[in-house]
$ cat start.txt   # compact mmCIF, C-alpha atoms
# COMPACT_ATOMS: atom_id res chain seq x y z
CA MET A 1444 30.93 -78.36 1.17
CA PHE A 1445 32.53 -78.33 4.63
CA SER A 1446 31.63 -81.31 6.85
CA GLY A 1447 30.17 -81.00 10.36
CA GLN A 1448 30.73 -82.68 13.71
CA GLY A 1449 30.40 -86.47 13.86
CA SER A 1450 32.50 -87.10 10.75
CA GLN A 1451 35.86 -86.89 12.58
CA TYR A 1452 38.12 -89.87 13.21
CA VAL A 1453 41.67 -90.41 14.51
CA ASN A 1454 44.29 -90.26 11.72
CA MET A 1455 41.99 -88.42 9.28
CA GLY A 1456 44.26 -87.34 6.43
CA ARG A 1457 47.40 -88.70 8.15
CA GLN A 1458 49.05 -89.79 4.91
CA LEU A 1459 48.45 -86.33 3.41
CA TYR A 1460 50.14 -84.84 6.47
CA GLU A 1461 53.17 -87.07 5.87
CA ILE A 1462 53.38 -86.57 2.09
CA GLU A 1463 51.83 -83.21 1.10
CA PRO A 1464 53.95 -80.25 2.34
CA THR A 1465 51.16 -77.69 1.74
CA PHE A 1466 48.65 -79.66 3.81
CA ARG A 1467 51.22 -80.22 6.58
CA GLN A 1468 52.21 -76.55 6.64
CA HIS A 1469 48.61 -75.42 7.27
CA VAL A 1470 47.94 -78.14 9.87
CA ASP A 1471 51.14 -77.10 11.70
CA HIS A 1472 50.30 -73.40 11.50
CA CYS A 1473 46.75 -73.90 12.86
CA SER A 1474 47.98 -76.25 15.61
CA GLN A 1475 50.48 -73.62 16.85
CA ILE A 1476 47.74 -70.97 16.99
CA LEU A 1477 45.40 -73.35 18.86
CA LYS A 1478 47.95 -74.48 21.48
CA PRO A 1479 47.39 -71.62 23.98
CA HIS A 1480 43.59 -71.87 23.52
CA LEU A 1481 43.32 -75.64 23.98
CA GLY A 1482 46.31 -76.32 26.23
CA VAL A 1483 47.28 -79.27 23.99
CA ASP A 1484 48.93 -79.84 20.61
CA ILE A 1485 46.00 -81.03 18.53
CA ARG A 1486 48.35 -82.96 16.22
CA ASN A 1487 49.04 -85.42 19.07
CA ILE A 1488 45.30 -86.19 19.21
CA VAL A 1489 44.56 -86.28 15.48
CA TYR A 1490 47.79 -88.16 14.65
CA PRO A 1491 48.62 -90.16 17.80
CA THR A 1492 51.26 -92.85 18.27
CA PRO A 1493 49.84 -96.41 18.17
CA GLN A 1494 50.12 -96.56 21.99
CA GLN A 1495 48.03 -93.39 22.40
CA SER A 1496 45.44 -94.23 19.77
CA GLU A 1497 42.74 -95.32 22.23
CA GLN A 1498 43.14 -92.26 24.42
CA ALA A 1499 43.16 -90.00 21.33
CA THR A 1500 39.87 -91.54 20.13
CA ARG A 1501 38.27 -90.60 23.48
CA GLN A 1502 39.72 -87.08 23.37
CA LEU A 1503 38.52 -86.56 19.81
CA GLN A 1504 34.95 -87.19 20.98
CA GLN A 1505 35.14 -84.25 23.38
CA THR A 1506 33.43 -81.23 21.88
CA ALA A 1507 36.21 -78.88 23.06
CA ILE A 1508 38.66 -80.86 20.87
CA THR A 1509 36.39 -82.14 18.07
CA GLN A 1510 35.43 -78.77 16.61
CA SER A 1511 39.00 -77.46 16.53
CA ALA A 1512 40.29 -80.72 15.00
CA LEU A 1513 37.69 -80.63 12.22
CA PHE A 1514 38.41 -76.98 11.52
CA VAL A 1515 42.18 -77.63 11.17
CA ILE A 1516 41.81 -80.60 8.80
CA GLU A 1517 39.14 -78.93 6.64
CA TYR A 1518 41.01 -75.65 6.46
CA ALA A 1519 44.27 -77.39 5.46
CA LEU A 1520 42.42 -79.49 2.85
CA ALA A 1521 40.80 -76.39 1.36
CA GLN A 1522 44.19 -74.66 1.16
CA LEU A 1523 45.68 -77.73 -0.57
CA TRP A 1524 42.86 -77.84 -3.15
CA MET A 1525 43.11 -74.11 -3.80
CA SER A 1526 46.90 -74.31 -4.25
CA TRP A 1527 46.20 -76.87 -7.00
CA GLY A 1528 43.83 -74.45 -8.73
CA VAL A 1529 40.58 -75.98 -7.43
CA ARG A 1530 38.76 -72.81 -6.29
CA PRO A 1531 35.16 -72.51 -5.12
CA VAL A 1532 32.52 -70.38 -6.85
CA ALA A 1533 30.23 -70.93 -3.84
CA ILE A 1534 30.56 -72.55 -0.41
CA ILE A 1535 28.39 -74.17 2.25
CA GLY A 1536 29.26 -75.71 5.61
CA HIS A 1537 27.34 -77.91 8.04
CA SER A 1538 27.27 -76.36 11.54
CA ILE A 1539 30.97 -76.10 12.57
CA GLY A 1540 31.79 -76.46 8.85
CA GLU A 1541 30.27 -73.02 8.27
CA TYR A 1542 33.16 -71.53 10.26
CA VAL A 1543 35.70 -73.02 7.86
CA ALA A 1544 33.58 -71.86 4.90
CA ALA A 1545 33.37 -68.34 6.36
CA THR A 1546 37.15 -68.25 6.95
CA ILE A 1547 37.84 -69.31 3.35
CA ALA A 1548 35.38 -66.58 2.27
CA GLY A 1549 37.29 -63.99 4.34
CA VAL A 1550 34.66 -63.33 7.06
CA PHE A 1551 37.16 -64.31 9.80
CA SER A 1552 40.95 -64.20 9.83
CA THR A 1553 42.46 -67.66 10.41
CA GLU A 1554 43.72 -66.64 13.88
CA ASP A 1555 40.32 -65.26 14.96
CA ALA A 1556 38.42 -68.26 13.56
CA LEU A 1557 40.62 -70.71 15.49
CA ALA A 1558 40.24 -68.72 18.74
CA ILE A 1559 36.44 -68.56 18.29
CA VAL A 1560 36.08 -72.25 17.40
CA ALA A 1561 38.20 -73.25 20.42
CA ALA A 1562 36.09 -71.01 22.70
CA ARG A 1563 32.84 -72.30 21.17
CA GLY A 1564 33.87 -75.91 21.82
CA LYS A 1565 35.00 -75.11 25.37
CA LEU A 1566 31.76 -73.29 26.24
CA MET A 1567 29.68 -76.16 24.82
CA GLN A 1568 31.73 -78.70 26.79
CA GLN A 1569 30.78 -76.89 30.03
CA LEU A 1570 27.04 -77.18 29.37
CA PRO A 1571 24.92 -80.09 30.67
CA THR A 1572 25.27 -83.14 28.41
CA GLY A 1573 22.51 -84.13 25.99
CA SER A 1574 21.85 -86.38 23.00
CA MET A 1575 21.01 -86.13 19.31
CA LEU A 1576 18.87 -88.49 17.24
CA ALA A 1577 18.92 -88.83 13.45
CA ILE A 1578 15.44 -89.70 12.17
CA GLY A 1579 14.40 -90.94 8.73
CA LEU A 1580 11.49 -88.48 8.47
CA GLY A 1581 10.95 -85.06 6.89
CA GLU A 1582 10.49 -81.78 8.78
CA GLN A 1583 6.67 -81.87 8.58
CA GLN A 1584 6.55 -85.31 10.24
CA VAL A 1585 9.15 -84.46 12.90
CA GLN A 1586 7.63 -81.16 14.14
CA PRO A 1587 4.69 -82.84 15.99
CA LEU A 1588 7.17 -85.05 17.92
CA LEU A 1589 8.88 -82.04 19.55
CA ASP A 1590 8.22 -80.72 23.06
CA ASN A 1591 10.00 -78.47 25.61
CA ASN A 1592 12.82 -81.01 25.99
CA LEU A 1593 13.39 -81.57 22.25
CA SER A 1594 14.52 -79.23 19.46
CA LEU A 1595 14.82 -79.67 15.69
CA ALA A 1596 18.63 -79.53 15.33
CA ALA A 1597 19.02 -80.12 11.59
CA ILE A 1598 17.01 -80.63 8.41
CA ASN A 1599 19.50 -82.57 6.29
CA SER A 1600 17.30 -83.75 3.40
CA PRO A 1601 13.58 -84.02 2.57
CA SER A 1602 13.53 -87.34 4.47
CA SER A 1603 16.15 -86.95 7.21
CA CYS A 1604 16.23 -84.70 10.28
CA VAL A 1605 18.12 -84.58 13.55
CA VAL A 1606 16.42 -83.94 16.90
CA SER A 1607 18.39 -82.65 19.87
CA GLY A 1608 17.56 -82.60 23.58
CA THR A 1609 18.02 -84.09 27.03
CA THR A 1610 19.23 -87.69 27.04
CA ASP A 1611 16.00 -88.89 28.71
CA ALA A 1612 13.78 -87.15 26.18
CA ILE A 1613 15.84 -88.52 23.25
CA SER A 1614 15.71 -92.03 24.72
CA GLN A 1615 11.90 -91.84 25.06
CA LEU A 1616 11.55 -90.51 21.52
CA GLN A 1617 13.68 -93.35 20.16
CA LYS A 1618 11.47 -95.95 21.90
CA LYS A 1619 8.34 -94.25 20.56
CA LEU A 1620 9.72 -94.26 16.99
CA ALA A 1621 10.83 -97.90 17.29
CA SER A 1622 7.30 -98.91 18.31
CA GLN A 1623 6.07 -97.32 15.05
CA ASN A 1624 8.88 -98.99 13.01
CA ILE A 1625 10.45 -95.61 12.20
CA GLU A 1626 14.21 -95.68 11.70
CA SER A 1627 16.38 -93.59 14.02
CA ARG A 1628 19.89 -93.67 15.48
CA VAL A 1629 21.65 -91.82 18.28
CA LEU A 1630 24.59 -89.75 17.04
CA HIS A 1631 28.10 -89.81 18.58
CA THR A 1632 27.88 -86.46 20.35
CA SER A 1633 28.33 -85.45 23.97
CA HIS A 1634 25.88 -82.55 23.89
CA ALA A 1635 22.56 -81.49 22.36
CA PHE A 1636 23.79 -79.07 19.70
CA HIS A 1637 21.39 -76.64 18.00
CA SER A 1638 18.88 -76.93 20.85
CA HIS A 1639 17.51 -74.95 23.81
CA LEU A 1640 20.30 -76.53 25.91
CA MET A 1641 22.80 -74.23 24.13
CA GLN A 1642 21.02 -71.09 25.36
CA PRO A 1643 23.13 -70.51 28.54
CA MET A 1644 26.36 -69.96 26.54
CA LEU A 1645 24.96 -67.54 23.95
CA GLY A 1646 25.61 -64.29 25.86
CA GLU A 1647 29.27 -65.07 26.55
CA PHE A 1648 29.86 -66.41 23.04
CA VAL A 1649 28.33 -63.37 21.30
CA GLN A 1650 30.40 -61.11 23.57
CA LEU A 1651 33.59 -62.85 22.37
CA LEU A 1652 32.58 -62.20 18.75
CA ARG A 1653 32.13 -58.49 19.47
CA ASN A 1654 35.92 -58.27 19.94
CA VAL A 1655 36.63 -59.81 16.52
CA GLN A 1656 36.88 -58.14 13.11
CA LEU A 1657 34.10 -59.62 10.91
CA ASN A 1658 34.21 -58.91 7.16
CA PRO A 1659 31.64 -59.32 4.35
CA PRO A 1660 32.25 -62.65 2.51
CA GLN A 1661 34.37 -62.46 -0.66
CA ILE A 1662 32.97 -65.79 -1.98
CA PRO A 1663 29.19 -66.46 -2.08
CA LEU A 1664 28.35 -68.38 1.12
CA ILE A 1665 25.17 -70.27 2.02
CA SER A 1666 23.90 -69.81 5.59
CA ASN A 1667 22.75 -72.73 7.77
CA LEU A 1668 20.46 -70.34 9.60
CA THR A 1669 18.43 -69.18 6.58
CA GLY A 1670 19.18 -71.90 3.98
CA THR A 1671 20.05 -69.23 1.43
CA TRP A 1672 22.91 -66.80 0.62
CA ILE A 1673 24.29 -65.04 3.68
CA ASN A 1674 24.23 -61.26 3.32
CA PRO A 1675 27.04 -58.97 4.57
CA GLU A 1676 24.91 -57.71 7.49
CA GLU A 1677 24.39 -61.28 8.78
CA ALA A 1678 27.99 -62.40 8.30
CA THR A 1679 29.33 -59.41 10.24
CA ASN A 1680 26.76 -59.51 13.06
CA PRO A 1681 27.92 -61.33 16.25
CA GLU A 1682 24.26 -62.15 17.02
CA TYR A 1683 24.06 -64.18 13.78
CA TRP A 1684 26.82 -66.52 14.99
CA GLY A 1685 25.06 -66.89 18.34
CA GLN A 1686 21.81 -67.91 16.66
CA HIS A 1687 23.79 -70.15 14.27
CA LEU A 1688 24.76 -72.44 17.16
CA ARG A 1689 21.30 -72.40 18.76
CA GLN A 1690 18.89 -72.70 15.80
CA THR A 1691 18.16 -75.46 13.25
CA VAL A 1692 20.83 -76.26 10.60
CA ARG A 1693 18.89 -75.82 7.33
CA PHE A 1694 21.31 -77.81 5.19
CA SER A 1695 18.58 -79.27 3.00
CA ALA A 1696 17.31 -75.82 1.98
CA GLY A 1697 20.86 -74.59 1.41
CA ILE A 1698 21.97 -77.48 -0.76
CA SER A 1699 18.67 -77.36 -2.74
CA HIS A 1700 19.31 -73.68 -3.40
CA LEU A 1701 22.83 -74.45 -4.67
CA LEU A 1702 21.66 -77.37 -6.83
CA GLN A 1703 19.16 -75.09 -8.56
CA GLN A 1704 21.84 -72.48 -9.29
CA HIS A 1705 24.96 -74.56 -10.02
CA GLN A 1706 25.32 -77.26 -12.65
CA GLY A 1707 28.90 -77.94 -11.57
CA ILE A 1708 30.85 -80.06 -9.12
CA PHE A 1709 30.03 -80.42 -5.43
CA LEU A 1710 33.22 -81.25 -3.52
CA GLU A 1711 33.10 -82.28 0.14
CA ILE A 1712 35.97 -80.87 2.19
CA GLY A 1713 36.41 -82.92 5.35
CA PRO A 1714 36.54 -86.51 6.54
CA GLY A 1715 34.13 -89.04 5.06
CA ARG A 1716 31.06 -88.62 2.86
CA THR A 1717 28.20 -87.32 5.03
CA LEU A 1718 27.48 -84.19 2.98
CA SER A 1719 28.08 -85.98 -0.33
CA THR A 1720 25.50 -88.60 0.65
CA LEU A 1721 22.98 -85.89 1.62
CA THR A 1722 23.63 -83.97 -1.61
CA THR A 1723 23.11 -87.14 -3.67
CA GLN A 1724 19.77 -87.69 -1.88
CA HIS A 1725 18.66 -84.29 -3.19
CA LEU A 1726 19.65 -85.29 -6.74
CA ASN A 1727 17.80 -88.62 -6.73
CA GLY A 1728 14.79 -88.73 -8.97
CA ASN A 1729 15.87 -85.72 -11.00
CA PRO A 1730 17.57 -87.01 -14.17
CA LYS A 1731 17.91 -83.48 -15.57
CA GLN A 1732 20.46 -82.45 -12.97
CA LYS A 1733 24.07 -82.52 -14.13
CA GLN A 1734 25.96 -82.29 -10.85
CA LEU A 1735 28.97 -84.40 -9.91
CA VAL A 1736 29.46 -85.05 -6.17
CA LEU A 1737 32.99 -85.85 -4.93
CA THR A 1738 34.78 -86.38 -1.60
CA SER A 1739 38.29 -85.44 -0.42
CA LEU A 1740 39.01 -87.95 2.36
CA ARG A 1741 37.99 -91.58 2.79
CA HIS A 1742 35.39 -92.76 5.31
CA PRO A 1743 37.06 -94.36 8.40
CA GLN A 1744 35.81 -97.81 7.33
CA GLN A 1745 37.48 -97.51 3.93
CA GLN A 1746 41.05 -98.77 3.94
CA GLN A 1747 42.33 -96.96 0.84
CA SER A 1748 45.37 -94.66 0.98
CA ASP A 1749 44.54 -90.96 1.61
CA VAL A 1750 46.83 -89.87 -1.22
CA ALA A 1751 45.30 -92.33 -3.73
CA TRP A 1752 41.82 -91.14 -2.69
CA LEU A 1753 42.68 -87.47 -3.15
CA LEU A 1754 44.43 -88.06 -6.50
CA GLN A 1755 41.44 -90.05 -7.75
CA THR A 1756 39.23 -87.03 -6.97
CA LEU A 1757 41.76 -84.66 -8.56
CA GLY A 1758 41.68 -86.79 -11.74
CA ARG A 1759 37.90 -86.65 -11.86
CA LEU A 1760 37.93 -82.87 -11.38
CA TRP A 1761 40.38 -82.57 -14.29
CA LEU A 1762 38.24 -84.87 -16.49
CA CYS A 1763 35.30 -82.55 -15.80
CA GLY A 1764 37.23 -79.56 -17.09
CA VAL A 1765 38.61 -78.03 -13.88
CA ASP A 1766 41.79 -76.13 -14.72
CA ILE A 1767 44.41 -77.74 -12.46
CA ASP A 1768 47.61 -75.81 -11.68
CA TRP A 1769 50.00 -78.65 -12.54
CA SER A 1770 53.18 -76.66 -11.84
CA GLU A 1771 51.95 -76.04 -8.28
CA PHE A 1772 50.82 -79.67 -8.01
CA SER A 1773 54.33 -80.96 -8.82
CA HIS A 1774 56.13 -78.08 -7.10
CA HIS A 1775 57.43 -80.25 -4.21
CA GLN A 1776 58.40 -83.24 -6.38
CA GLN A 1777 61.98 -84.18 -7.29

$ encode --input "start.txt" --output "structure tokens"
Amino acid sequence: MFSGQGSQYVNMGRQLYEIEPTFRQHVDHCSQILKPHLGVDIRNIVYPTPQQSEQATRQLQQTAITQSALFVIEYALAQLWMSWGVRPVAIIGHSIGEYVAATIAGVFSTEDALAIVAARGKLMQQLPTGSMLAIGLGEQQVQPLLDNNLSLAAINSPSSCVVSGTTDAISQLQKKLASQNIESRVLHTSHAFHSHLMQPMLGEFVQLLRNVQLNPPQIPLISNLTGTWINPEEATNPEYWGQHLRQTVRFSAGISHLLQQHQGIFLEIGPGRTLSTLTTQHLNGNPKQKQLVLTSLRHPQQQQSDVAWLLQTLGRLWLCGVDIDWSEFSHHQQ
């Protein structure tokens, strides 16, 4: 499960970068490819010096940087897991996470994916700013709250949705919900993703994708757009990726579909535990389900070492019968 925007933080996976050669190699490779597209070395933002930490935190909140940074870290993490023998039988991403999932599945080459993600972030950055509001209500209860200035950006679980729109409209909605004692919180985003405010960039973005080789996925991939398996026609259609950034993220439907079909392990690839928490919400109240939900990187508020965290997860995967490639795991050790 590949995390979406909002989960990023400065120094995510820094200790892995210092200690795990495979992880570092992929971060370095992606950063070199991104340099001409972004005009900066993304490593200086993700792993800043203590003096530049504050500035890096601000930069990492800019959409043009955020999406590329998340892609790099998630892609490198996935490559590290796969080198250790932890290979996916199915994959799902959340919004920008679907690009990493699609790259791992072979839809995009790494170079093309990085160029597209950088362009996507840049085009979004140029749009008028907006806001996003997470609401503790299900889709049925949220629909009547929407108007021309508000869009349903994501259905994350049966009781949590995200609404996207102009900052004024979001502010009014938040006041209205507060007066009814309904929980909501504004998300740390600069723009109203997955809303009508994305419309102006669609033409240019789809045009960029027409110049890219798109391949049918080699690993079963769940689509945010439909909430079910993506078919080869969708994955290879530039229009699909345009609609993917404009329409609702149907993560709840997608994860429900996976939980019905897979008894196995759900591993979050990315910083923090957002998708793991949402997945666990879908499991609650169903004692028959036998899924284990694990994370790869700590949440920014957790002070544990990145390496200890990852090894803890590796140990749990092994205990559950995952066949770890131990020779590859110890390949770089003395």

$ residues_near_point --input "start.txt" --point "(47.0, -88.5, -2.7)" --cutoff "10 Å" --atoms "all atoms listed in the file" --output "PyMOL selection string"
chain A and resi 1456+1458-1459+1462-1463+1739-1740+1748-1757

$ closest_residue --input "start.txt" --among "A:Leu1588, A:Ile1673, A:Ala1507, A:Val1529" --to "A:Met1567" --atoms "all atoms listed in the file"
A:Ala1507

$ residues_around --input "start.txt" --residues "A:Ser1695" --least-positions-apart "5" --cutoff "6 Å" --atoms "all atoms listed in the file" --output "PDB file with C-alpha atoms, in the coordinates of the input"
ATOM      1  CA  ILE A1598      17.010 -80.630   8.410  1.00  0.00           C
ATOM      2  CA  ASN A1599      19.500 -82.570   6.290  1.00  0.00           C
ATOM      3  CA  SER A1600      17.300 -83.750   3.400  1.00  0.00           C
TER       4      SER A1600
END

$ residues_near_point --input "start.txt" --point "(35.2, -66.2, 9.3)" --cutoff "10 Å" --atoms "all atoms listed in the file" --output "MDAnalysis selection string"
chainID A and resid 1541:1557 1559 1655:1660 1678:1679

$ residues_around --input "start.txt" --residues "A:Pro1571" --least-positions-apart "5" --cutoff "10 Å" --atoms "only C-alpha atoms" --output "compact mmCIF listing (two decimals) with C-alpha atoms, keeping the file's coordinate frame"
# COMPACT_ATOMS: atom_id res chain seq x y z
CA THR A 1609 18.02 -84.09 27.03
CA SER A 1633 28.33 -85.45 23.97
CA HIS A 1634 25.88 -82.55 23.89
CA ALA A 1635 22.56 -81.49 22.36
CA LEU A 1640 20.30 -76.53 25.91
CA MET A 1641 22.80 -74.23 24.13
CA PRO A 1643 23.13 -70.51 28.54

$ residues_around --input "start.txt" --residues "A:Asn1487" --least-positions-apart "2" --cutoff "12 Å" --atoms "all atoms listed in the file" --output "list of chain:residue names"
A:Val1453, A:Asn1454, A:Arg1457, A:Val1470, A:Asp1471, A:Ser1474, A:Lys1478, A:Gly1482, A:Val1483, A:Asp1484, A:Ile1485, A:Val1489, A:Tyr1490, A:Pro1491, A:Thr1492, A:Pro1493, A:Gln1494, A:Gln1495, A:Ser1496, A:Gln1498, A:Ala1499, A:Thr1500, A:Gln1502, A:Leu1503, A:Ile1508, A:Ala1512

$ closest_residue --input "start.txt" --among "A:Gly1581, A:Gln1777, A:Thr1717, A:Thr1572" --to "A:Ile1625" --atoms "only C-alpha atoms"
A:Gly1581

$ closest_residue --input "start.txt" --among "A:Gly1707, A:Gly1528, A:Gly1540, A:Gly1573" --to "A:Ser1511" --atoms "only C-alpha atoms"
A:Gly1540

$ closest_residue --input "start.txt" --among "A:Arg1486, A:Lys1733, A:His1537, A:Arg1693" --to "A:Gln1706" --atoms "all atoms listed in the file"
A:Lys1733

$ atom_distance --input "start.txt" --atom1 "atom CA of A:Leu1630" --atom2 "atom CA of A:Thr1610"
11.5 Å

$ closest_residue --input "start.txt" --among "A:Ser1666, A:Thr1738, A:Gln1776, A:Asn1592" --to "A:Asp1611" --atoms "only C-alpha atoms"
A:Asn1592

$ axis_aligned_box --input "start.txt" --around "stretch 1596-1613 of chain A" --padding-each-side "4 Å" --output "lines of an AutoDock Vina configuration file"
center_x = 16.5
center_y = -84.2
center_z = 15.6
size_x = 14.0
size_y = 17.4
size_z = 34.1

$ residues_around --input "start.txt" --residues "A:Leu1688" --least-positions-apart "6" --cutoff "9 Å" --atoms "all atoms listed in the file" --output "PyMOL selection string"
chain A and resi 1538-1539+1636-1638+1641+1645+1668

$ closest_residue --input "start.txt" --among "A:Trp1672, A:Ala1519, A:Leu1721, A:Asn1591" --to "A:Cys1604" --atoms "all atoms listed in the file"
A:Leu1721
